[in-house]
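To be precise, the following lines are query-v6.csv, and they hold CSV, C-alpha atoms and all ligand atoms.
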```
chain,number,residue,atom,x,y,z
P,1,ILE,CA,0.0,0.0,0.0
P,2,ASP,CA,1.6,3.2,-1.2
P,3,ILE,CA,-0.6,6.2,-0.3
P,4,VAL,CA,0.1,9.4,-2.3
P,5,LYS,CA,-2.9,11.5,-1.5
P,6,ALA,CA,-5.2,12.0,1.5
P,7,GLN,CA,-8.5,14.0,1.7
P,8,VAL,CA,-9.8,14.8,5.1
P,9,SER,CA,-13.4,16.1,5.3
P,10,ILE,CA,-15.2,17.2,8.4
P,11,ILE,CA,-19.0,16.8,7.9
P,12,ALA,CA,-22.0,17.6,10.2
P,13,MET,CA,-25.6,16.3,10.0
P,14,PRO,CA,-28.6,16.6,12.3
P,15,LEU,CA,-30.0,13.3,13.7
P,16,LYS,CA,-33.6,12.6,12.8
P,17,GLN,CA,-34.3,12.6,16.6
P,18,PRO,CA,-32.2,13.5,19.6
P,19,PHE,CA,-30.0,10.7,21.2
P,20,SER,CA,-30.3,11.1,24.9
P,21,THR,CA,-28.3,9.4,27.8
P,22,HIS,CA,-27.6,10.4,31.4
P,23,LEU,CA,-24.5,12.1,30.0
P,24,GLY,CA,-26.3,14.4,27.7
P,25,THR,CA,-28.0,14.7,24.3
P,26,VAL,CA,-26.6,14.4,20.8
P,27,ARG,CA,-28.7,16.4,18.3
P,28,GLU,CA,-26.1,16.9,15.5
P,29,ARG,CA,-23.3,14.5,14.5
P,30,GLU,CA,-19.9,15.7,13.2
P,31,ALA,CA,-17.4,13.2,11.8
P,32,ILE,CA,-14.1,13.1,9.9
P,33,ILE,CA,-14.3,11.3,6.6
P,34,ILE,CA,-10.9,10.0,5.3
P,35,GLU,CA,-10.1,9.2,1.7
P,36,LEU,CA,-6.8,7.7,0.9
P,37,TRP,CA,-5.5,7.2,-2.7
P,38,ASP,CA,-2.7,5.0,-3.8
P,39,ARG,CA,-0.3,5.5,-6.8
P,40,GLU,CA,-2.7,3.6,-9.1
P,41,GLY,CA,-5.7,5.8,-8.2
P,42,GLU,CA,-7.5,3.2,-6.0
P,43,VAL,CA,-9.3,4.8,-3.0
P,44,GLY,CA,-9.9,3.6,0.5
P,45,TYR,CA,-12.6,5.1,2.9
P,46,GLY,CA,-12.4,5.6,6.6
P,47,GLU,CA,-14.6,7.4,9.2
P,48,THR,CA,-13.4,8.9,12.4
P,49,VAL,CA,-16.2,8.4,15.0
P,50,ALA,CA,-15.0,10.8,17.8
P,51,PHE,CA,-17.8,13.1,18.9
P,52,SER,CA,-17.8,16.9,18.9
P,53,SER,CA,-17.3,16.9,22.7
P,54,PRO,CA,-15.6,14.3,25.0
P,55,TRP,CA,-18.7,12.8,26.7
P,56,TYR,CA,-18.2,9.2,25.7
P,57,THR,CA,-14.4,9.0,25.5
P,58,GLU,CA,-11.7,11.6,25.7
P,59,GLU,CA,-11.3,12.2,22.0
P,60,THR,CA,-13.2,14.9,20.0
P,61,VAL,CA,-13.4,15.8,16.3
P,62,LYS,CA,-10.8,18.5,16.9
P,63,THR,CA,-8.3,16.3,18.8
P,64,ALA,CA,-8.6,13.5,16.2
P,65,TYR,CA,-8.2,16.0,13.3
P,66,HIS,CA,-5.0,17.3,15.0
P,67,ILE,CA,-3.6,13.9,15.6
P,68,GLN,CA,-4.4,12.7,12.1
P,69,LYS,CA,-3.1,15.8,10.3
P,70,ASP,CA,0.0,16.4,12.3
P,71,PHE,CA,1.1,12.9,13.4
P,72,ILE,CA,-0.5,10.1,11.4
P,73,LEU,CA,-1.0,11.3,7.8
P,74,PRO,CA,2.5,12.6,7.3
P,75,VAL,CA,3.8,9.2,8.1
P,76,VAL,CA,1.2,7.3,6.1
P,77,LEU,CA,2.1,9.5,3.1
P,78,GLN,CA,5.8,8.6,3.4
P,79,LYS,CA,5.7,4.9,4.3
P,80,LYS,CA,4.7,1.8,2.3
P,81,PHE,CA,2.7,-0.8,4.1
P,82,ALA,CA,2.7,-4.4,2.9
P,83,HIS,CA,-0.5,-5.0,4.9
P,84,PRO,CA,-2.9,-2.8,6.9
P,85,SER,CA,-2.0,-4.6,10.1
P,86,GLU,CA,1.4,-2.9,10.0
P,87,PHE,CA,-0.3,0.4,10.8
P,88,THR,CA,-1.0,-0.5,14.4
P,89,ARG,CA,2.7,-1.5,15.0
P,90,GLU,CA,3.9,1.7,13.2
P,91,PHE,CA,1.9,3.9,15.5
P,92,SER,CA,2.4,2.0,18.8
P,93,SER,CA,4.5,4.9,20.0
P,94,LEU,CA,1.7,7.3,19.4
P,95,ARG,CA,-0.2,6.9,22.7
P,96,GLY,CA,-3.9,6.8,22.9
P,97,ASN,CA,-6.1,8.5,20.3
P,98,PRO,CA,-7.7,5.3,19.1
P,99,MET,CA,-10.4,7.0,17.1
P,100,ALA,CA,-7.9,9.2,15.2
P,101,LYS,CA,-5.9,6.0,14.4
P,102,SER,CA,-9.0,4.0,13.5
P,103,GLY,CA,-10.3,6.6,11.0
P,104,ILE,CA,-7.1,6.1,8.9
P,105,GLU,CA,-6.4,2.5,9.6
P,106,THR,CA,-9.9,1.5,8.4
P,107,ALA,CA,-9.3,3.4,5.1
P,108,LEU,CA,-6.1,1.3,4.6
P,109,TRP,CA,-8.1,-1.9,5.2
P,110,ASP,CA,-10.7,-0.8,2.6
P,111,LEU,CA,-8.0,0.0,0.1
P,112,TYR,CA,-6.1,-3.2,0.7
P,113,ALA,CA,-9.3,-5.3,0.3
P,114,LYS,CA,-10.1,-3.5,-3.0
P,115,LYS,CA,-6.6,-4.2,-4.3
P,116,GLN,CA,-7.1,-7.9,-3.5
P,117,GLY,CA,-10.4,-7.8,-5.3
P,118,LYS,CA,-12.1,-9.1,-2.2
P,119,SER,CA,-14.7,-7.9,0.2
P,120,LEU,CA,-13.4,-6.6,3.5
P,121,SER,CA,-15.5,-9.3,5.2
P,122,THR,CA,-13.6,-12.0,3.4
P,123,ILE,CA,-10.3,-10.3,4.0
P,124,LEU,CA,-11.0,-10.2,7.8
P,125,GLY,CA,-12.1,-13.8,7.9
P,126,GLY,CA,-15.9,-13.2,8.0
P,127,GLU,CA,-18.2,-16.2,7.7
P,128,ARG,CA,-21.7,-14.6,7.8
P,129,ASN,CA,-23.5,-13.1,4.8
P,130,GLU,CA,-25.9,-11.2,7.0
P,131,VAL,CA,-25.8,-9.7,10.5
P,132,ARG,CA,-28.4,-9.1,13.2
P,133,ALA,CA,-29.5,-5.5,13.8
P,134,GLY,CA,-30.3,-4.0,17.2
P,135,ALA,CA,-31.8,-0.6,18.1
P,136,VAL,CA,-30.9,1.8,20.9
P,137,VAL,CA,-33.8,3.5,22.8
P,138,ALA,CA,-31.9,6.7,23.6
P,139,THR,CA,-34.5,8.6,25.6
P,140,GLN,CA,-35.1,9.0,29.4
P,141,ASP,CA,-38.9,9.3,28.9
P,142,VAL,CA,-41.1,6.2,29.3
P,143,THR,CA,-43.8,7.3,26.9
P,144,ASP,CA,-41.2,8.1,24.3
P,145,ALA,CA,-39.4,4.8,25.0
P,146,LEU,CA,-42.6,2.7,24.6
P,147,LYS,CA,-43.3,4.5,21.3
P,148,GLN,CA,-39.8,3.8,20.0
P,149,ILE,CA,-39.8,0.2,21.0
P,150,GLU,CA,-43.2,-0.3,19.2
P,151,GLN,CA,-41.7,1.2,16.1
P,152,PHE,CA,-38.4,-0.6,16.3
P,153,SER,CA,-40.2,-3.9,16.8
P,154,GLU,CA,-42.3,-3.3,13.7
P,155,GLN,CA,-39.2,-2.5,11.7
P,156,GLY,CA,-37.8,-5.9,12.7
P,157,PHE,CA,-34.9,-5.0,15.1
P,158,GLU,CA,-33.8,-8.1,17.0
P,159,ARG,CA,-33.1,-6.5,20.3
P,160,MET,CA,-33.7,-3.2,22.1
P,161,LYS,CA,-31.1,-1.4,24.2
P,162,LEU,CA,-32.3,1.0,26.9
P,163,LYS,CA,-30.1,3.8,28.3
P,164,ILE,CA,-30.3,3.7,32.1
P,165,SER,CA,-29.0,5.5,35.1
P,166,PRO,CA,-29.8,5.5,38.9
P,167,ALA,CA,-32.3,8.3,38.1
P,168,ASN,CA,-34.1,6.1,35.5
P,169,ASP,CA,-33.8,2.4,35.9
P,170,VAL,CA,-36.1,0.0,37.9
P,171,GLU,CA,-39.4,1.9,37.2
P,172,PHE,CA,-38.4,2.6,33.7
P,173,ILE,CA,-37.5,-1.0,32.8
P,174,LYS,CA,-40.6,-2.3,34.7
P,175,ALA,CA,-42.9,-0.1,32.6
P,176,ILE,CA,-41.3,-1.3,29.4
P,177,ARG,CA,-41.3,-5.0,30.4
P,178,ARG,CA,-45.0,-4.7,31.3
P,179,GLU,CA,-45.8,-3.6,27.7
P,180,PHE,CA,-43.2,-5.8,26.0
P,181,PRO,CA,-42.8,-9.0,28.1
P,182,ASP,CA,-41.0,-10.9,25.4
P,183,VAL,CA,-38.8,-8.4,23.5
P,184,PRO,CA,-35.1,-9.1,23.8
P,185,LEU,CA,-34.0,-6.2,26.0
P,186,MET,CA,-30.7,-5.0,27.4
P,187,ALA,CA,-29.5,-1.9,29.3
P,188,ASP,CA,-26.5,0.3,28.9
P,189,ALA,CA,-25.5,2.5,31.9
P,190,ASN,CA,-22.5,4.3,30.4
P,191,SER,CA,-20.8,4.1,33.8
P,192,ALA,CA,-23.7,5.7,35.8
P,193,TYR,CA,-23.2,3.4,38.8
P,194,THR,CA,-20.7,2.6,41.5
P,195,LEU,CA,-20.3,-0.5,43.8
P,196,ASP,CA,-22.5,1.4,46.3
P,197,ASP,CA,-25.4,0.6,43.9
P,198,VAL,CA,-25.1,-3.2,44.1
P,199,ASP,CA,-28.7,-3.5,45.5
P,200,ARG,CA,-30.1,-1.3,42.8
P,201,LEU,CA,-28.3,-3.3,40.1
P,202,ARG,CA,-29.4,-6.7,41.6
P,203,ALA,CA,-32.9,-5.4,41.4
P,204,LEU,CA,-32.6,-5.5,37.6
P,205,ASP,CA,-32.1,-9.3,37.6
P,206,GLU,CA,-35.8,-9.9,37.6
P,207,PHE,CA,-36.3,-8.2,34.2
P,208,ASP,CA,-34.6,-10.9,32.1
P,209,LEU,CA,-32.1,-8.5,30.5
P,210,LEU,CA,-29.7,-10.0,27.9
P,211,MET,CA,-27.0,-8.1,29.6
P,212,ILE,CA,-26.1,-4.8,31.4
P,213,GLU,CA,-23.5,-2.8,29.5
P,214,GLN,CA,-20.8,-0.8,31.3
P,215,PRO,CA,-22.5,-0.3,34.7
P,216,LEU,CA,-19.3,1.0,36.5
P,217,GLY,CA,-16.3,3.3,35.9
P,218,THR,CA,-15.1,3.9,32.3
P,219,THR,CA,-11.6,2.6,33.1
P,220,ASP,CA,-12.6,-0.1,35.6
P,221,ILE,CA,-11.9,-3.8,35.2
P,222,VAL,CA,-11.6,-4.9,38.9
P,223,GLU,CA,-14.9,-3.6,40.3
P,224,HIS,CA,-16.9,-5.1,37.4
P,225,ALA,CA,-15.6,-8.5,38.5
P,226,ILE,CA,-16.8,-7.9,42.1
P,227,LEU,CA,-20.2,-6.8,40.8
P,228,GLN,CA,-20.5,-9.7,38.4
P,229,LYS,CA,-20.3,-12.1,41.4
P,230,GLN,CA,-23.3,-10.3,43.0
P,231,ILE,CA,-25.7,-10.1,40.0
P,232,ASN,CA,-27.1,-12.6,37.6
P,233,THR,CA,-27.5,-10.4,34.6
P,234,PRO,CA,-24.4,-10.8,32.4
P,235,ILE,CA,-22.1,-7.8,32.4
P,236,CYS,CA,-20.9,-6.5,29.0
P,237,LEU,CA,-18.0,-4.1,28.9
P,238,ASP,CA,-17.8,-1.2,26.5
P,239,GLU,CA,-15.8,1.9,27.6
P,240,SER,CA,-13.4,-0.2,29.8
P,241,ILE,CA,-12.1,-2.2,26.8
P,242,THR,CA,-9.7,-0.1,24.8
P,243,ASN,CA,-7.2,-2.8,23.7
P,244,VAL,CA,-6.4,-6.6,23.8
P,245,HIS,CA,-4.7,-6.3,27.2
P,246,ASP,CA,-7.9,-5.0,28.8
P,247,VAL,CA,-9.7,-8.1,27.4
P,248,LYS,CA,-7.0,-10.4,28.9
P,249,SER,CA,-7.5,-8.6,32.3
P,250,ALA,CA,-11.3,-8.9,32.1
P,251,ILE,CA,-11.0,-12.6,31.3
P,252,GLN,CA,-8.6,-13.3,34.1
P,253,LEU,CA,-10.7,-11.5,36.7
P,254,GLY,CA,-14.2,-12.5,35.4
P,255,SER,CA,-15.2,-8.9,34.9
P,256,CYS,CA,-17.7,-9.6,32.1
P,257,GLN,CA,-19.3,-12.3,30.0
P,258,ILE,CA,-19.8,-10.3,26.9
P,259,ILE,CA,-17.8,-7.6,25.1
P,260,ASN,CA,-19.0,-4.8,22.9
P,261,ILE,CA,-16.3,-4.2,20.2
P,262,LYS,CA,-16.2,-0.8,18.6
P,263,VAL,CA,-13.6,-0.4,15.9
P,264,GLY,CA,-13.0,3.3,16.8
P,265,ARG,CA,-12.7,2.7,20.6
P,266,VAL,CA,-10.0,0.0,20.1
P,267,GLY,CA,-8.0,1.9,17.5
P,268,GLY,CA,-8.9,0.1,14.4
P,269,LEU,CA,-9.8,-3.2,12.7
P,270,THR,CA,-6.5,-5.0,13.5
P,271,ASN,CA,-7.1,-4.6,17.3
P,272,ALA,CA,-10.9,-5.3,16.8
P,273,LYS,CA,-10.0,-8.6,15.1
P,274,GLN,CA,-7.5,-9.5,17.7
P,275,ILE,CA,-10.0,-8.9,20.5
P,276,HIS,CA,-12.5,-11.0,18.6
P,277,ASP,CA,-10.1,-13.9,18.3
P,278,LEU,CA,-9.2,-13.7,22.0
P,279,CYS,CA,-12.9,-13.7,23.0
P,280,GLN,CA,-13.6,-16.6,20.7
P,281,GLU,CA,-10.8,-18.7,22.3
P,282,ASN,CA,-12.2,-17.9,25.8
P,283,GLN,CA,-15.9,-18.4,25.0
P,284,LEU,CA,-16.8,-14.7,25.5
P,285,GLN,CA,-19.6,-13.5,23.3
P,286,VAL,CA,-19.1,-10.3,21.3
P,287,TRP,CA,-21.2,-7.9,19.4
P,288,CYS,CA,-20.5,-4.8,17.3
P,289,GLY,CA,-21.1,-1.5,19.1
P,290,GLY,CA,-22.4,1.6,17.4
P,291,MET,CA,-21.3,5.3,17.4
P,292,ILE,CA,-24.3,6.9,15.8
P,293,GLU,CA,-22.2,6.7,12.7
P,294,PHE,CA,-22.4,7.5,9.0
P,295,GLY,CA,-22.3,4.9,6.3
P,296,ILE,CA,-18.6,4.4,5.9
P,297,SER,CA,-18.2,3.3,9.6
P,298,LYS,CA,-21.5,1.3,9.2
P,299,ALA,CA,-20.0,-0.6,6.3
P,300,HIS,CA,-16.7,-1.3,8.2
P,301,ASN,CA,-18.9,-2.6,11.1
P,302,LEU,CA,-20.8,-4.9,8.7
P,303,ALA,CA,-17.6,-6.5,7.6
P,304,LEU,CA,-16.4,-6.9,11.2
P,305,ALA,CA,-19.7,-8.3,12.5
P,306,SER,CA,-19.5,-11.0,9.9
P,307,LEU,CA,-16.7,-12.7,12.0
P,308,PRO,CA,-17.8,-15.9,13.8
P,309,ALA,CA,-17.8,-14.8,17.4
P,310,PHE,CA,-20.2,-11.9,16.7
P,311,THR,CA,-23.2,-14.0,17.8
P,312,LEU,CA,-25.3,-11.3,19.4
P,313,PRO,CA,-27.2,-8.5,17.5
P,314,GLY,CA,-25.1,-5.3,17.4
P,315,ASP,CA,-25.8,-1.6,17.5
P,316,LEU,CA,-26.2,-2.0,13.7
P,317,SER,CA,-28.9,-0.1,11.9
P,318,PRO,CA,-29.9,0.9,8.4
P,319,SER,CA,-28.8,4.3,6.9
P,320,THR,CA,-32.2,5.8,7.5
P,321,HIS,CA,-32.2,5.0,11.2
P,322,TYR,CA,-30.4,8.2,12.2
P,323,TRP,CA,-30.1,10.1,8.9
P,324,GLU,CA,-32.5,11.6,6.4
P,325,GLU,CA,-29.9,10.9,3.8
P,326,ASP,CA,-26.6,9.1,4.5
P,327,ILE,CA,-23.3,9.8,2.6
P,328,LEU,CA,-23.1,6.5,0.6
P,329,ASP,CA,-23.7,5.8,-3.0
P,330,ARG,CA,-26.7,3.7,-1.9
P,331,PRO,CA,-28.3,3.3,1.5
P,332,ILE,CA,-27.6,0.4,3.9
P,333,GLU,CA,-30.9,-1.5,4.3
P,334,MET,CA,-32.3,-3.8,6.9
P,335,GLU,CA,-34.7,-6.6,6.1
P,336,LYS,CA,-36.5,-8.5,8.8
P,337,GLY,CA,-33.9,-7.4,11.3
P,338,LYS,CA,-30.9,-8.5,9.2
P,339,ILE,CA,-28.4,-6.4,7.2
P,340,THR,CA,-26.7,-8.1,4.3
P,341,VAL,CA,-22.9,-8.1,4.4
P,342,PRO,CA,-21.6,-6.5,1.2
P,343,THR,CA,-19.7,-8.8,-1.2
P,344,LEU,CA,-18.2,-6.1,-3.5
P,345,PRO,CA,-14.5,-5.4,-3.1
P,346,GLY,CA,-13.5,-3.5,0.1
P,347,ILE,CA,-16.4,-2.1,2.2
P,348,GLY,CA,-18.6,-2.4,-0.9
P,349,PHE,CA,-19.8,1.2,-1.0
P,350,SER,CA,-18.4,4.5,-2.3
P,351,LEU,CA,-19.3,8.1,-1.3
P,352,ASN,CA,-22.2,10.1,-2.7
P,353,GLU,CA,-20.1,13.1,-3.5
P,354,ARG,CA,-23.1,15.4,-3.9
P,355,ARG,CA,-24.3,14.5,-0.3
P,356,VAL,CA,-20.8,14.8,1.1
P,357,GLU,CA,-20.6,18.3,-0.4
P,358,GLU,CA,-23.9,19.3,1.2
P,359,VAL,CA,-22.8,18.4,4.7
P,360,ARG,CA,-19.1,19.2,4.5
P,361,LEU,CA,-17.8,21.9,6.9
P,362,HIS,CA,-14.1,21.6,6.0
P,363,LYS,CA,-11.9,19.9,3.4
P,364,GLU,CA,-8.2,19.4,3.2
P,365,ILE,CA,-6.0,17.6,0.7
P,366,ILE,CA,-2.5,16.4,1.7
P,367,THR,CA,-0.1,14.8,-0.8
P,368,SER,CA,3.2,12.9,-0.4
P,401,LIG,O1,-22.4,3.5,24.9
P,401,LIG,O2,-22.8,2.2,23.3
P,401,LIG,C1,-22.7,3.4,23.7
P,401,LIG,C2,-23.6,5.8,20.9
P,401,LIG,C3,-22.7,6.8,21.1
P,401,LIG,C4,-21.8,6.7,22.2
P,401,LIG,C5,-21.8,5.6,23.0
P,401,LIG,C6,-22.7,4.5,22.8
P,401,LIG,C7,-23.7,4.7,21.8
P,401,LIG,C8,-24.7,3.7,21.5
P,401,LIG,C9,-24.9,3.2,20.1
P,401,LIG,O3,-25.4,3.3,22.4
P,401,LIG,C10,-25.9,3.9,19.3
P,401,LIG,C11,-25.9,3.5,17.9
P,401,LIG,O4,-24.9,3.8,17.1
P,401,LIG,O5,-26.8,2.9,17.4
P,402,MG,MG,-22.2,1.5,25.5
```
Once more with this new file: its structure as C-alpha cells, please.
Amino acid sequence: IDIVKAQVSIIAMPLKQPFSTHLGTVREREAIIIELWDREGEVGYGETVAFSSPWYTEETVKTAYHIQKDFILPVVLQKKFAHPSEFTREFSSLRGNPMAKSGIETALWDLYAKKQGKSLSTILGGERNEVRAGAVVATQDVTDALKQIEQFSEQGFERMKLKISPANDVEFIKAIRREFPDVPLMADANSAYTLDDVDRLRALDEFDLLMIEQPLGTTDIVEHAILQKQINTPICLDESITNVHDVKSAIQLGSCQIINIKVGRVGGLTNAKQIHDLCQENQLQVWCGGMIEFGISKAHNLALASLPAFTLPGDLSPSTHYWEEDILDRPIEMEKGKITVPTLPGIGFSLNERRVEEVRLHKEIITS
C-alpha cells in the first residue's frame, strides 16, 4: 500500500431525533471522513467516529483532526505498508487517540481489500453473509421509549437497548417490560453506577435483560468482577475495553461475559479482530457496538460483525435509522432485522459526492 494523497473532510448532519443518555443529548453529529488514494488511483474510505465533545471517551473531532493531520497522515504518506495490520505497530509509539488512528487504519483496510479484489468481510475472515441488527432507545422518557420500541419492533430490530442510570432504571424498565414481556431487552448504563449501587443493580435481575452494559467506571476492570459475582445479569464491557490487554485482564478477573467491540474505541480493525479472536478462544460472546455513525463506519462494522464470534445483535442499523440521507452511493438497508454483508470489493460502498458536499464543513488535501 503506497498512499500518495489523502483527503480529510469534516462533515456535520442533524440526527432525525435526539439521542439522549444520562451524560447528555446528541442532536447533531460531526465526523471526519478520510479518503486515501494509492499510486494507481485506488481509493480507501475511513470514518473517524469521535464526537464533537468528550462525553463518551476523551477524543473529540478536533483532537482527532490534529492527531491525524500532524502525526498520522505525514507518516502514512511517506511509508509503504505491505499489509494494513502494519499500521498498528507503526503507531504503537503514538499513545492513545484510538479513534484518530482508526479513522485512517480502516481506510487502509478498505483500500487493501479492494486491491485484492475481495470484500473486507472476506479479508478479515468473515463467515456470515448477514448480520443481526439492534436498536438503541436513547430517551429518558417512558412514553417516548414505549413508542420507540413499538416502532423498532415493527421494523424488525432483533433487540432493544435501553439507556439507564440511577435516576431512570427500575421503574423505567418495569414499565417497558409490562408492555413488552418478550422483547429481547438489554440496558446500557454508560458508567452511571458505583459499587454502592449493588442492590439497585441486583434489582434489575428480575427483568430478564440479555446483559447490562458498562455499569461501573469507564476505566474499571476490577470492580466489574466484584459486581458480576453479585448479580445474575451478564455484564458487557464497552468503555473499559480499549485494547487486547484490557480483554485479557477482564477474562482473568471475570469482569464480564460479553464484550462490545467498537472499531474506533479500540484503535482500528487490527485490534478489533485480535479482540474478537481472544474472545472466541475464551468463550466470550461479542457484538459490534455503534457510534451513531455514518455509512462508511457502518460498512466497516458490517464486515467486522460477519466474523464468527459476533453471535449477538449489534448496534447495527440501516442508513435511514439516524439520517434523512446518508453519505453513501446507496443506503444500507435492513430486512427482517438483518443487514446483508456486502460482497463487492472493500467495504462495498463509495461516497455520494453530492451528499458529502452538502454536509461538509471543511476539506483538506494532503499529498506525499
Ligand atoms: O455507549 O454504546 C454506547 C452511541 C454513542 C456513544 C456511546 C454509545 C452509543 C450507543 C450506540 O449506544 C448507538 C448506535 O450507534 O446505534
Ligand atoms: Mg455502551
For ligand MG 402 (chain P), which residue among P:Cys279, P:Leu36, P:Cys288, P:Leu185 is the nearest when counting all atoms listed in the file?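 Checking each of P:Cys279, P:Leu36, P:Cys288, P:Leu185 against ligand MG 402 (chain P), counting all atoms listed in the file, the winner is P:Cys288.
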Check the smallest atom-to-atom distance from each of P:Asn129, P:Thr143, P:Thr233, P:Asn190 to ligand LIG 401 (chain P) using only C-alpha atoms and all ligand atoms, then report the winner.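 Using only C-alpha atoms and all ligand atoms, ligand LIG 401 (chain P) sits closest to P:Asn190.
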Quick one: contact table of chain P to ligand LIG 401 (chain P), 10 Å max, nearest atom pair and distance in Å to one decimal per residue, counting all atoms listed in the file, chain and number order, as CSV?
```
residue,atom,partner,partner_atom,distance
P:Phe19,CA,P:LIG401,C2,8.1
P:Ser20,CA,P:LIG401,C2,9.4
P:Thr21,CA,P:LIG401,O3,8.6
P:Leu23,CA,P:LIG401,C4,9.9
P:Val26,CA,P:LIG401,C3,8.5
P:Val49,CA,P:LIG401,C3,9.1
P:Ala50,CA,P:LIG401,C4,9.1
P:Phe51,CA,P:LIG401,C4,8.2
P:Trp55,CA,P:LIG401,C4,8.2
P:Tyr56,CA,P:LIG401,C4,5.6
P:Thr57,CA,P:LIG401,C4,8.4
P:Ala133,CA,P:LIG401,O5,9.5
P:Gly134,CA,P:LIG401,O5,7.7
P:Ala135,CA,P:LIG401,O5,6.1
P:Val136,CA,P:LIG401,O5,5.5
P:Val137,CA,P:LIG401,O3,8.4
P:Ala138,CA,P:LIG401,O3,7.4
P:Lys161,CA,P:LIG401,O3,7.6
P:Leu162,CA,P:LIG401,O3,8.6
P:Lys163,CA,P:LIG401,O3,7.6
P:Ala187,CA,P:LIG401,O3,9.6
P:Asp188,CA,P:LIG401,O1,6.6
P:Ala189,CA,P:LIG401,O1,7.7
P:Asn190,CA,P:LIG401,O1,5.6
P:Ser191,CA,P:LIG401,O1,9.1
P:Glu213,CA,P:LIG401,O1,7.9
P:Gln214,CA,P:LIG401,O1,7.9
P:Leu237,CA,P:LIG401,O1,9.6
P:Asp238,CA,P:LIG401,O1,6.8
P:Glu239,CA,P:LIG401,O1,7.3
P:Asn260,CA,P:LIG401,O2,8.0
P:Ile261,CA,P:LIG401,O2,9.6
P:Lys262,CA,P:LIG401,O2,8.6
P:Arg265,CA,P:LIG401,C5,9.8
P:Cys288,CA,P:LIG401,O2,9.5
P:Gly289,CA,P:LIG401,O2,5.8
P:Gly290,CA,P:LIG401,O4,3.3
P:Met291,CA,P:LIG401,O4,3.9
P:Ile292,CA,P:LIG401,O4,3.4
P:Glu293,CA,P:LIG401,O4,5.9
P:Phe294,CA,P:LIG401,O4,9.2
P:Lys298,CA,P:LIG401,O4,9.0
P:Gly314,CA,P:LIG401,O5,8.4
P:Asp315,CA,P:LIG401,O5,4.6
P:Leu316,CA,P:LIG401,O5,6.2
P:Ser317,CA,P:LIG401,O5,6.6
P:Pro318,CA,P:LIG401,O5,9.7
P:His321,CA,P:LIG401,O5,8.5
P:Tyr322,CA,P:LIG401,O5,8.3
```
Do you know which residues are at most 8 Å from stretch 156-158 of chain P counting all atoms listed in the file, after dropping those on the same chain fewer than 2 positions away, and could you put them as number ranges by chain? P: 132-135, 152-154, 160, 184, 313, 335-338
P:Ile235, P:Leu111, P:Gln68, P:His83: which is nearest ligand MG 402 (chain P), counting all atoms listed in the file? P:Ile235
Which residue, P:Gly96, P:Gly346, P:Pro308, P:Pro215, has the smallest gap to ligand MG 402 (chain P) when you use all atoms listed in the file? P:Pro215
Using all atoms listed in the file, which protein or nucleic acid residues come within 12 Å of P:His245? Drop anything in the same chain fewer than 3 positions from it, and give the result as a list in words. Ile221, Ser240, Ile241, Thr242, Lys248, Ser249, Ala250, Ile251, Gln252, Val266, Asn271, Gln274, Ile275, Leu278 and Cys279 of chain P
